[in-house]
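Undergrad: Below is the file data_23.cif, which contains mmCIF, C-alpha atoms.
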data_work
#
loop_
_atom_site.group_PDB
_atom_site.id
_atom_site.type_symbol
_atom_site.label_atom_id
_atom_site.label_comp_id
_atom_site.auth_asym_id
_atom_site.auth_seq_id
_atom_site.Cartn_x
_atom_site.Cartn_y
_atom_site.Cartn_z
ATOM 1 C CA MET A 1 -26.937 -91.593 109.822
ATOM 2 C CA LEU A 2 -28.488 -90.187 106.641
ATOM 3 C CA LYS A 3 -27.599 -86.586 105.813
ATOM 4 C CA PRO A 4 -29.655 -86.004 102.671
ATOM 5 C CA LEU A 5 -29.130 -83.127 100.258
ATOM 6 C CA SER A 6 -31.881 -81.155 98.562
ATOM 7 C CA GLU A 7 -30.363 -81.432 95.071
ATOM 8 C CA VAL A 8 -27.396 -83.038 93.325
ATOM 9 C CA ILE A 9 -26.041 -83.077 89.791
ATOM 10 C CA VAL A 10 -23.820 -86.025 88.893
ATOM 11 C CA PHE A 11 -21.833 -87.112 85.854
ATOM 12 C CA ALA A 12 -20.943 -90.639 84.705
ATOM 13 C CA PRO A 13 -18.420 -91.029 81.868
ATOM 14 C CA ALA A 14 -18.362 -93.064 78.686
ATOM 15 C CA THR A 15 -16.227 -96.182 78.524
ATOM 16 C CA VAL A 16 -14.326 -98.467 76.186
ATOM 17 C CA ALA A 17 -15.229 -102.105 76.786
ATOM 18 C CA ASN A 18 -13.185 -105.164 75.763
ATOM 19 C CA VAL A 19 -10.009 -103.079 75.210
ATOM 20 C CA ALA A 20 -9.091 -105.393 72.317
ATOM 21 C CA CYS A 21 -7.846 -108.393 74.289
ATOM 22 C CA GLY A 22 -10.437 -108.686 77.090
ATOM 23 C CA TYR A 23 -13.837 -109.456 75.581
ATOM 24 C CA ASP A 24 -16.561 -108.846 78.201
ATOM 25 C CA ILE A 25 -13.985 -108.593 81.028
ATOM 26 C CA LEU A 26 -11.955 -105.398 80.417
ATOM 27 C CA GLY A 27 -13.105 -101.802 80.330
ATOM 28 C CA LEU A 28 -11.679 -98.318 80.791
ATOM 29 C CA ALA A 29 -13.178 -94.875 81.346
ATOM 30 C CA ILE A 30 -12.634 -91.721 79.304
ATOM 31 C CA ASP A 31 -13.293 -88.104 80.286
ATOM 32 C CA LYS A 32 -16.183 -87.473 77.910
ATOM 33 C CA PRO A 33 -18.835 -87.849 76.645
ATOM 34 C CA GLY A 34 -21.100 -89.061 79.441
ATOM 35 C CA ASP A 35 -24.463 -88.650 81.112
ATOM 36 C CA GLU A 36 -25.529 -85.930 83.526
ATOM 37 C CA ILE A 37 -28.330 -86.456 86.050
ATOM 38 C CA THR A 38 -30.007 -83.861 88.261
ATOM 39 C CA VAL A 39 -31.944 -85.140 91.290
ATOM 40 C CA LYS A 40 -34.184 -83.037 93.524
ATOM 41 C CA LEU A 41 -35.311 -84.508 96.835
ATOM 42 C CA ASN A 42 -38.955 -84.297 97.898
ATOM 43 C CA HIS A 43 -41.342 -86.103 100.223
ATOM 44 C CA SER A 44 -43.672 -87.624 97.649
ATOM 45 C CA GLY A 45 -42.510 -91.141 98.447
ATOM 46 C CA GLU A 46 -41.905 -91.739 94.735
ATOM 47 C CA ILE A 47 -39.101 -91.505 92.203
ATOM 48 C CA THR A 48 -40.207 -89.744 89.023
ATOM 49 C CA ILE A 49 -38.612 -88.523 85.796
ATOM 50 C CA THR A 50 -39.637 -84.953 84.995
ATOM 51 C CA GLU A 51 -37.507 -84.383 81.894
ATOM 52 C CA ILE A 52 -35.136 -86.149 79.504
ATOM 53 C CA LYS A 53 -32.832 -84.052 77.325
ATOM 54 C CA GLY A 54 -30.709 -85.109 74.381
ATOM 55 C CA ASP A 55 -32.429 -88.435 73.661
ATOM 56 C CA ASN A 56 -34.617 -87.377 70.701
ATOM 57 C CA GLY A 57 -37.581 -88.997 72.403
ATOM 58 C CA LYS A 58 -35.996 -92.461 72.543
ATOM 59 C CA LEU A 59 -35.957 -92.992 76.314
ATOM 60 C CA PRO A 60 -38.996 -93.822 78.463
ATOM 61 C CA LEU A 61 -40.281 -91.408 81.085
ATOM 62 C CA ASP A 62 -41.682 -94.356 83.029
ATOM 63 C CA PRO A 63 -39.350 -94.732 86.048
ATOM 64 C CA LYS A 64 -40.086 -98.457 86.249
ATOM 65 C CA VAL A 65 -38.325 -99.157 82.944
ATOM 66 C CA ASN A 66 -35.775 -96.342 82.514
ATOM 67 C CA SER A 67 -32.284 -97.596 83.407
ATOM 68 C CA VAL A 68 -31.526 -94.441 85.423
ATOM 69 C CA THR A 69 -34.444 -94.788 87.786
ATOM 70 C CA VAL A 70 -34.447 -98.594 87.869
ATOM 71 C CA ALA A 71 -30.939 -98.335 89.349
ATOM 72 C CA ALA A 72 -31.952 -95.481 91.647
ATOM 73 C CA GLN A 73 -35.076 -97.223 92.934
ATOM 74 C CA ALA A 74 -33.190 -100.449 93.646
ATOM 75 C CA LEU A 75 -30.617 -98.531 95.685
ATOM 76 C CA TRP A 76 -33.313 -96.637 97.601
ATOM 77 C CA ASP A 77 -35.237 -99.821 98.336
ATOM 78 C CA SER A 78 -32.094 -101.310 99.839
ATOM 79 C CA CYS A 79 -31.351 -98.155 101.835
ATOM 80 C CA LYS A 80 -34.879 -98.134 103.248
ATOM 81 C CA GLU A 81 -34.101 -101.409 104.974
ATOM 82 C CA GLN A 82 -30.935 -99.951 106.506
ATOM 83 C CA PHE A 83 -32.249 -96.491 107.388
ATOM 84 C CA SER A 84 -35.989 -97.054 107.939
ATOM 85 C CA ASP A 85 -36.052 -94.929 111.086
ATOM 86 C CA GLN A 86 -34.785 -91.884 109.116
ATOM 87 C CA TRP A 87 -36.438 -92.437 105.756
ATOM 88 C CA GLN A 88 -39.302 -89.941 106.180
ATOM 89 C CA ASP A 89 -40.997 -91.097 102.983
ATOM 90 C CA PHE A 90 -38.343 -89.564 100.721
ATOM 91 C CA GLY A 91 -39.051 -89.108 97.022
ATOM 92 C CA ALA A 92 -37.106 -87.532 94.156
ATOM 93 C CA GLU A 93 -37.443 -85.909 90.744
ATOM 94 C CA PHE A 94 -34.888 -86.956 88.118
ATOM 95 C CA ILE A 95 -33.817 -84.851 85.139
ATOM 96 C CA ILE A 96 -31.776 -86.889 82.663
ATOM 97 C CA HIS A 97 -29.401 -85.258 80.216
ATOM 98 C CA LYS A 98 -28.054 -87.714 77.647
ATOM 99 C CA LYS A 99 -24.749 -86.312 76.434
ATOM 100 C CA MET A 100 -23.631 -89.305 74.410
ATOM 101 C CA PRO A 101 -25.009 -91.161 71.381
ATOM 102 C CA PHE A 102 -26.990 -94.391 71.528
ATOM 103 C CA GLY A 103 -25.568 -97.600 70.078
ATOM 104 C CA SER A 104 -22.146 -95.981 69.965
ATOM 105 C CA GLY A 105 -19.989 -98.650 71.598
ATOM 106 C CA MET A 106 -19.126 -96.206 74.382
ATOM 107 C CA GLY A 107 -21.320 -97.642 77.136
ATOM 108 C CA SER A 108 -24.298 -95.312 76.818
ATOM 109 C CA SER A 109 -26.713 -97.462 78.839
ATOM 110 C CA ALA A 110 -24.034 -98.168 81.441
ATOM 111 C CA ALA A 111 -23.349 -94.457 81.939
ATOM 112 C CA SER A 112 -27.076 -93.871 82.462
ATOM 113 C CA ALA A 113 -27.357 -96.683 84.998
ATOM 114 C CA VAL A 114 -24.231 -95.580 86.850
ATOM 115 C CA ALA A 115 -25.403 -91.963 86.938
ATOM 116 C CA GLY A 116 -28.800 -93.025 88.270
ATOM 117 C CA ALA A 117 -27.432 -95.189 91.062
ATOM 118 C CA TYR A 118 -24.682 -92.729 91.969
ATOM 119 C CA ALA A 119 -27.123 -89.802 92.065
ATOM 120 C CA ALA A 120 -29.587 -91.747 94.216
ATOM 121 C CA ASN A 121 -26.816 -92.452 96.702
ATOM 122 C CA ALA A 122 -25.462 -88.889 96.589
ATOM 123 C CA ILE A 123 -28.834 -87.251 97.332
ATOM 124 C CA LEU A 124 -29.013 -89.332 100.520
ATOM 125 C CA GLY A 125 -25.615 -88.025 101.589
ATOM 126 C CA SER A 126 -23.610 -90.943 100.120
ATOM 127 C CA PRO A 127 -24.240 -93.616 102.768
ATOM 128 C CA LEU A 128 -22.869 -96.275 100.386
ATOM 129 C CA SER A 129 -19.384 -96.614 98.925
ATOM 130 C CA LYS A 130 -18.890 -96.907 95.173
ATOM 131 C CA ARG A 131 -18.366 -100.638 95.625
ATOM 132 C CA GLU A 132 -21.737 -100.842 97.369
ATOM 133 C CA VAL A 133 -23.380 -98.792 94.585
ATOM 134 C CA LEU A 134 -22.139 -101.180 91.869
ATOM 135 C CA PRO A 135 -24.875 -103.884 92.122
ATOM 136 C CA PHE A 136 -27.611 -101.271 91.722
ATOM 137 C CA ALA A 137 -25.950 -99.750 88.664
ATOM 138 C CA MET A 138 -25.767 -103.264 87.231
ATOM 139 C CA LEU A 139 -29.530 -103.664 87.640
ATOM 140 C CA GLY A 140 -30.054 -100.454 85.689
ATOM 141 C CA GLU A 141 -27.778 -101.677 82.890
ATOM 142 C CA GLN A 142 -29.636 -104.975 82.811
ATOM 143 C CA ALA A 143 -32.953 -103.133 82.470
ATOM 144 C CA ALA A 144 -31.571 -101.263 79.454
ATOM 145 C CA ASP A 145 -30.219 -104.118 77.348
ATOM 146 C CA GLY A 146 -30.952 -107.363 79.179
ATOM 147 C CA SER A 147 -27.291 -108.145 79.871
ATOM 148 C CA TYR A 148 -25.480 -108.381 83.190
ATOM 149 C CA HIS A 149 -21.956 -107.382 82.238
ATOM 150 C CA ALA A 150 -19.793 -105.012 84.274
ATOM 151 C CA ASP A 151 -17.176 -104.201 81.620
ATOM 152 C CA ASN A 152 -18.804 -100.796 80.995
ATOM 153 C CA VAL A 153 -20.526 -100.237 84.345
ATOM 154 C CA ALA A 154 -17.446 -100.788 86.536
ATOM 155 C CA PRO A 155 -15.083 -98.326 84.812
ATOM 156 C CA SER A 156 -17.849 -95.728 84.457
ATOM 157 C CA LEU A 157 -18.455 -95.919 88.204
ATOM 158 C CA PHE A 158 -14.902 -96.394 89.496
ATOM 159 C CA GLY A 159 -12.844 -94.839 86.705
ATOM 160 C CA GLY A 160 -9.565 -96.337 85.522
ATOM 161 C CA ILE A 161 -9.196 -99.772 83.965
ATOM 162 C CA SER A 162 -11.386 -102.567 85.314
ATOM 163 C CA LEU A 163 -10.943 -106.331 85.076
ATOM 164 C CA VAL A 164 -14.156 -108.264 85.610
ATOM 165 C CA ARG A 165 -13.083 -111.597 87.102
ATOM 166 C CA SER A 166 -16.730 -112.607 87.570
ATOM 167 C CA ASN A 167 -19.934 -110.864 86.541
ATOM 168 C CA GLN A 168 -22.050 -113.133 88.721
ATOM 169 C CA GLU A 169 -20.018 -112.380 91.844
ATOM 170 C CA LEU A 170 -19.239 -108.803 90.739
ATOM 171 C CA ASP A 171 -15.589 -109.510 91.471
ATOM 172 C CA ILE A 172 -13.971 -106.416 89.951
ATOM 173 C CA ILE A 173 -10.225 -105.743 90.026
ATOM 174 C CA GLU A 174 -9.106 -102.148 89.481
ATOM 175 C CA LEU A 175 -5.907 -102.328 87.437
ATOM 176 C CA PRO A 176 -3.080 -99.770 87.544
ATOM 177 C CA VAL A 177 -3.118 -97.010 84.935
ATOM 178 C CA PRO A 178 0.225 -95.928 83.445
ATOM 179 C CA LYS A 179 0.751 -92.198 83.890
ATOM 180 C CA ASP A 180 1.111 -91.278 80.228
ATOM 181 C CA LEU A 181 -1.520 -93.594 78.739
ATOM 182 C CA TRP A 182 -3.889 -91.679 76.430
ATOM 183 C CA VAL A 183 -7.105 -92.796 74.769
ATOM 184 C CA THR A 184 -8.543 -91.740 71.429
ATOM 185 C CA VAL A 185 -12.145 -92.700 70.691
ATOM 186 C CA VAL A 186 -13.835 -91.746 67.425
ATOM 187 C CA HIS A 187 -17.555 -92.174 66.869
ATOM 188 C CA PRO A 188 -18.917 -92.178 63.308
ATOM 189 C CA LYS A 189 -22.517 -91.054 62.783
ATOM 190 C CA MET A 190 -23.939 -94.535 62.477
ATOM 191 C CA GLU A 191 -25.426 -96.984 64.949
ATOM 192 C CA ILE A 192 -24.683 -100.640 65.645
ATOM 193 C CA LEU A 193 -26.933 -102.302 68.187
ATOM 194 C CA THR A 194 -25.201 -104.501 70.754
ATOM 195 C CA LYS A 195 -27.575 -107.352 69.879
ATOM 196 C CA ASP A 196 -26.551 -107.247 66.211
ATOM 197 C CA ALA A 197 -22.866 -107.085 67.166
ATOM 198 C CA ARG A 198 -23.297 -110.140 69.400
ATOM 199 C CA ASP A 199 -25.318 -112.075 66.822
ATOM 200 C CA ILE A 200 -22.473 -111.853 64.295
ATOM 201 C CA LEU A 201 -20.091 -113.691 66.635
ATOM 202 C CA PRO A 202 -19.523 -117.458 66.354
ATOM 203 C CA ALA A 203 -20.775 -119.680 69.163
ATOM 204 C CA ASP A 204 -17.399 -121.403 69.616
ATOM 205 C CA VAL A 205 -13.750 -120.368 69.559
ATOM 206 C CA ALA A 206 -10.908 -122.663 68.486
ATOM 207 C CA LEU A 207 -8.639 -123.768 71.307
ATOM 208 C CA SER A 208 -5.586 -122.394 69.500
ATOM 209 C CA LYS A 209 -7.188 -118.948 69.250
ATOM 210 C CA ALA A 210 -8.291 -119.069 72.881
ATOM 211 C CA SER A 211 -4.764 -119.859 74.010
ATOM 212 C CA LYS A 212 -3.310 -117.036 71.926
ATOM 213 C CA GLN A 213 -5.887 -114.553 73.209
ATOM 214 C CA LEU A 214 -5.240 -115.496 76.833
ATOM 215 C CA GLY A 215 -1.587 -114.717 76.200
ATOM 216 C CA HIS A 216 -2.547 -111.267 74.904
ATOM 217 C CA LEU A 217 -4.742 -110.650 77.956
ATOM 218 C CA GLY A 218 -2.003 -111.687 80.374
ATOM 219 C CA GLY A 219 0.535 -109.566 78.522
ATOM 220 C CA PHE A 220 -1.689 -106.480 78.622
ATOM 221 C CA ILE A 221 -2.374 -106.792 82.345
ATOM 222 C CA THR A 222 1.336 -107.312 83.012
ATOM 223 C CA SER A 223 2.160 -104.216 80.954
ATOM 224 C CA LEU A 224 -0.066 -102.112 83.217
ATOM 225 C CA TYR A 225 1.798 -103.260 86.321
ATOM 226 C CA THR A 226 5.249 -102.904 84.760
ATOM 227 C CA ASN A 227 4.598 -99.806 82.629
ATOM 228 C CA ASP A 228 6.000 -101.741 79.648
ATOM 229 C CA MET A 229 4.574 -99.985 76.593
ATOM 230 C CA ALA A 230 6.291 -102.338 74.135
ATOM 231 C CA LEU A 231 4.590 -105.304 75.824
ATOM 232 C CA MET A 232 1.285 -103.433 75.759
ATOM 233 C CA GLN A 233 1.632 -102.864 72.025
ATOM 234 C CA ARG A 234 2.331 -106.573 71.432
ATOM 235 C CA SER A 235 -0.640 -107.535 73.597
ATOM 236 C CA LEU A 236 -3.422 -105.257 72.324
ATOM 237 C CA GLN A 237 -4.533 -107.885 69.842
ATOM 238 C CA ASP A 238 -7.929 -109.462 69.226
ATOM 239 C CA GLU A 239 -8.123 -113.018 67.928
ATOM 240 C CA TRP A 240 -11.801 -113.522 68.778
ATOM 241 C CA ILE A 241 -14.057 -110.551 68.134
ATOM 242 C CA ALA A 242 -12.647 -108.009 65.669
ATOM 243 C CA PRO A 243 -12.289 -110.514 62.803
ATOM 244 C CA HIS A 244 -16.095 -110.771 62.840
ATOM 245 C CA ARG A 245 -17.324 -107.392 64.089
ATOM 246 C CA SER A 246 -14.953 -105.485 61.815
ATOM 247 C CA LYS A 247 -17.259 -106.479 58.953
ATOM 248 C CA LEU A 248 -19.771 -104.014 60.427
ATOM 249 C CA ILE A 249 -17.211 -101.186 60.639
ATOM 250 C CA PRO A 250 -16.548 -99.261 57.392
ATOM 251 C CA GLN A 251 -12.878 -99.170 56.335
ATOM 252 C CA PHE A 252 -11.758 -100.945 59.498
ATOM 253 C CA ALA A 253 -8.603 -102.483 58.007
ATOM 254 C CA GLU A 254 -7.578 -99.127 56.507
ATOM 255 C CA LEU A 255 -8.135 -97.392 59.836
ATOM 256 C CA GLN A 256 -6.136 -99.977 61.737
ATOM 257 C CA GLN A 257 -3.167 -99.813 59.389
ATOM 258 C CA ALA A 258 -3.093 -96.016 59.369
ATOM 259 C CA VAL A 259 -3.373 -95.723 63.153
ATOM 260 C CA MET A 260 -0.646 -98.269 63.841
ATOM 261 C CA ASP A 261 1.583 -96.595 61.235
ATOM 262 C CA ASN A 262 1.224 -93.405 63.273
ATOM 263 C CA GLY A 263 2.541 -94.850 66.503
ATOM 264 C CA ALA A 264 -0.500 -96.221 68.320
ATOM 265 C CA LEU A 265 -0.015 -98.838 71.018
ATOM 266 C CA GLY A 266 -3.140 -100.566 69.783
ATOM 267 C CA PHE A 267 -6.336 -100.031 67.808
ATOM 268 C CA ASN A 268 -9.664 -101.828 67.901
ATOM 269 C CA ILE A 269 -13.434 -101.569 68.163
ATOM 270 C CA SER A 270 -14.809 -99.819 71.223
ATOM 271 C CA GLY A 271 -17.317 -102.178 72.803
ATOM 272 C CA ALA A 272 -19.761 -103.391 70.183
ATOM 273 C CA GLY A 273 -18.902 -100.493 67.832
ATOM 274 C CA PRO A 274 -19.197 -98.582 65.594
ATOM 275 C CA SER A 275 -16.817 -96.354 67.596
ATOM 276 C CA VAL A 276 -13.158 -97.287 67.443
ATOM 277 C CA PHE A 277 -10.409 -96.561 69.934
ATOM 278 C CA ALA A 278 -6.649 -96.365 70.117
ATOM 279 C CA LEU A 279 -4.198 -96.178 72.996
ATOM 280 C CA SER A 280 -1.067 -94.054 72.771
ATOM 281 C CA LYS A 281 1.778 -92.670 74.873
ATOM 282 C CA SER A 282 1.067 -88.928 74.697
ATOM 283 C CA GLU A 283 -1.607 -86.320 74.052
ATOM 284 C CA GLN A 284 0.166 -85.320 70.841
ATOM 285 C CA GLU A 285 0.035 -88.886 69.508
ATOM 286 C CA ALA A 286 -3.599 -89.233 70.608
ATOM 287 C CA GLN A 287 -4.531 -86.092 68.672
ATOM 288 C CA LEU A 288 -2.632 -87.228 65.581
ATOM 289 C CA ILE A 289 -4.447 -90.562 65.681
ATOM 290 C CA ALA A 290 -7.799 -88.778 65.970
ATOM 291 C CA ASP A 291 -6.935 -86.656 62.940
ATOM 292 C CA VAL A 292 -5.956 -89.737 60.928
ATOM 293 C CA ILE A 293 -9.184 -91.559 61.754
ATOM 294 C CA CYS A 294 -11.362 -88.516 61.079
ATOM 295 C CA ALA A 295 -9.695 -87.985 57.694
ATOM 296 C CA ILE A 296 -10.412 -91.558 56.606
ATOM 297 C CA TRP A 297 -13.951 -91.409 58.014
ATOM 298 C CA SER A 298 -14.751 -87.952 56.654
ATOM 299 C CA ASP A 299 -17.967 -89.239 55.033
ATOM 300 C CA PHE A 300 -19.333 -90.336 58.425
ATOM 301 C CA ASN A 301 -19.178 -86.977 60.275
ATOM 302 C CA PRO A 302 -16.920 -88.450 62.978
ATOM 303 C CA SER A 303 -16.727 -87.141 66.550
ATOM 304 C CA PRO A 304 -13.331 -87.587 68.262
ATOM 305 C CA TYR A 305 -12.804 -87.793 72.022
ATOM 306 C CA ILE A 306 -9.282 -87.561 73.441
ATOM 307 C CA SER A 307 -8.288 -87.921 77.079
ATOM 308 C CA PRO A 308 -6.029 -89.756 79.470
ATOM 309 C CA VAL A 309 -7.668 -92.763 81.044
ATOM 310 C CA ASN A 310 -10.269 -91.240 83.377
ATOM 311 C CA THR A 311 -9.371 -92.394 86.886
ATOM 312 C CA THR A 312 -12.265 -90.578 88.608
ATOM 313 C CA GLY A 313 -15.354 -92.308 87.247
ATOM 314 C CA ALA A 314 -18.745 -90.996 88.386
ATOM 315 C CA TYR A 315 -18.681 -87.833 90.488
ATOM 316 C CA VAL A 316 -20.862 -85.016 91.856
ATOM 317 C CA LEU A 317 -20.815 -81.878 89.694
ATOM 318 C CA ALA A 318 -22.832 -79.736 92.131
ATOM 319 C CA SER A 319 -25.010 -80.097 95.198
ATOM 320 C CA LYS A 320 -27.302 -78.162 97.519
ATOM 321 C CA SER A 321 -27.807 -78.975 101.180
#
Using structure tokens, write down the structure from this file.

TA:
Amino acid sequence: MLKPLSEVIVFAPATVANVACGYDILGLAIDKPGDEITVKLNHSGEITITEIKGDNGKLPLDPKVNSVTVAAQALWDSCKEQFSDQWQDFGAEFIIHKKMPFGSGMGSSAASAVAGAYAANAILGSPLSKREVLPFAMLGEQAADGSYHADNVAPSLFGGISLVRSNQELDIIELPVPKDLWVTVVHPKMEILTKDARDILPADVALSKASKQLGHLGGFITSLYTNDMALMQRSLQDEWIAPHRSKLIPQFAELQQAVMDNGALGFNISGAGPSVFALSKSEQEAQLIADVICAIWSDFNPSPYISPVNTTGAYVLASKS
């Protein structure tokens, strides 16, 4: 039984994909930044976008191509089949507030897609679970950048740390999050497009490197279950991606050395970059790491974000019945 609301405001958080040792299959959520979506129900029979804030004119108002409304429309189309007797020709106005930079390596398009799908479900009274919302958020992400990868979408929706066993099957495992695990993400005022970051990667990986990286991945996952921070520190290594993508990141080697010298569990590129991230064992260490990175990157007007791993994911900020 649908119990629609008249208005909802939802938030979907930024994410760190890859998490050093899990290229395209690991991701975690942070508290902020993120995207905020306001949806107002009407009976127009259509989904429209009335306003986009914070995008500097970069995002389309056409609901057929915007990742927010592509995800929302797909979810509504599915719900129409389930709830046709109650549908009453529902329509909605979307107001999109981008609160995170584009091309940042923090899952900007994924946050938009998640917020769109989650808001579309929430305005209907949340007939679907988060697991059931996931495929529609994926369609929104795909509309934004052409890829079908859940390493940003899943943690933005679910929160926590996600392991993507299969993108095609959307087989997502939610991994345990150690209580005192903190994340530092720093975004420099520059942009690296995901396409460019993918194009710089080699087509093949040596078997010896693949074997070593699989060991790192297994060690990191084990460290989450056992709360073994020493194992986590040994495992947050990247044999595949950082050696190539770090060429696009100014002063990467200097940053990495300084961060590890100041007690980080691990340091690497967040997603496709240019943002970088570090994991640490306390808020104090996370703040120190942010200060170290910002000092080295002072010429790039860096923005630091510090939080525990966000275990909430997308959520409703406010609603009206």

Undergrad: Would you list the contacts of Ser280 of chain A as an NGL selection string, taking every protein, DNA or RNA residue within 7 Å and counting all atoms listed in the file, but skipping same-chain residues closer than 5 positions in sequence?

TA: :A and (181-183 or 264-265 or 285-286)

Undergrad: Skip Ile95 of chain A itself and residues of its chain fewer than 6 positions away, then list as a short mmCIF file (atom, residue, chain, number, x, y, z; two decimals) with C-alpha atoms, in the frame of the given file all residues within 12 Å of it, counting only C-alpha atoms.

TA:
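Contents of the output file part.cif:
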data_model
loop_
_atom_site.label_atom_id
_atom_site.label_comp_id
_atom_site.auth_asym_id
_atom_site.auth_seq_id
_atom_site.Cartn_x
_atom_site.Cartn_y
_atom_site.Cartn_z
CA GLU A 7 -30.36 -81.43 95.07
CA VAL A 8 -27.40 -83.04 93.32
CA ILE A 9 -26.04 -83.08 89.79
CA VAL A 10 -23.82 -86.02 88.89
CA ASP A 35 -24.46 -88.65 81.11
CA GLU A 36 -25.53 -85.93 83.53
CA ILE A 37 -28.33 -86.46 86.05
CA THR A 38 -30.01 -83.86 88.26
CA VAL A 39 -31.94 -85.14 91.29
CA LYS A 40 -34.18 -83.04 93.52
CA LEU A 41 -35.31 -84.51 96.84
CA ILE A 47 -39.10 -91.50 92.20
CA THR A 48 -40.21 -89.74 89.02
CA ILE A 49 -38.61 -88.52 85.80
CA THR A 50 -39.64 -84.95 85.00
CA GLU A 51 -37.51 -84.38 81.89
CA ILE A 52 -35.14 -86.15 79.50
CA LYS A 53 -32.83 -84.05 77.32
CA GLY A 54 -30.71 -85.11 74.38
CA LEU A 61 -40.28 -91.41 81.08
CA PRO A 63 -39.35 -94.73 86.05
CA ASN A 66 -35.78 -96.34 82.51
CA VAL A 68 -31.53 -94.44 85.42
CA THR A 69 -34.44 -94.79 87.79
CA SER A 112 -27.08 -93.87 82.46
CA ALA A 115 -25.40 -91.96 86.94
CA GLY A 116 -28.80 -93.02 88.27
CA ALA A 119 -27.12 -89.80 92.06
#

Undergrad: List as a list in words the protein and nucleic acid residues near segment 221-232 of chain A, meaning an atom at most 10 Å away when all atoms listed in the file are counted, but skip any in the same chain fewer than 6 places from it.

TA: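 Answer for this query is Cys21, Gly22, Leu26, Ile161, Leu163, Leu175, Pro176, Val177, Pro178, Lys179, Asp180, Leu181, Leu265, Gly266, Leu279, Ser280 and Lys281 of chain A.
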
Undergrad: With distances taken over all atoms listed in the file, which residue among A:Gln88, A:Asn262, A:Glu239, A:Ser298 lies nearest Ala206 of chain A?

TA: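 That would be A:Glu239, the residue with the smallest distance to Ala206 of chain A.
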
Undergrad: Just the residues within 10 Å of segment 128-144 of chain A, please, counting only C-alpha atoms, with nothing from its chain fewer than 3 positions along; format it as an MDAnalysis selection string.

TA: chainID A and resid 59 64:76 78:79 107:118 120:122 124:125 147:150 152:154 156:158 167 169:170 172 313:314

Undergrad: Could you check how far atom CA of Pro308 of chain A sits from atom CA of Val19 of chain A, in Å to one decimal?

TA: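 It comes out at 14.5 Å.
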
Undergrad: Which one of A:Thr194, A:Gln251, A:Thr184, A:Thr311 sits closest to Ile296 of chain A if you count only C-alpha atoms?

TA: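 Distance minimum relative to Ile296 of chain A lands on A:Gln251.
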
Undergrad: My list of candidates is A:Gln237, A:Ser321, A:Gln168, A:Ser282. Which is closest to Ser307 of chain A when distances are computed with all atoms listed in the file?

TA: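 Ranked by minimum distance to Ser307 of chain A, first place goes to A:Ser282.
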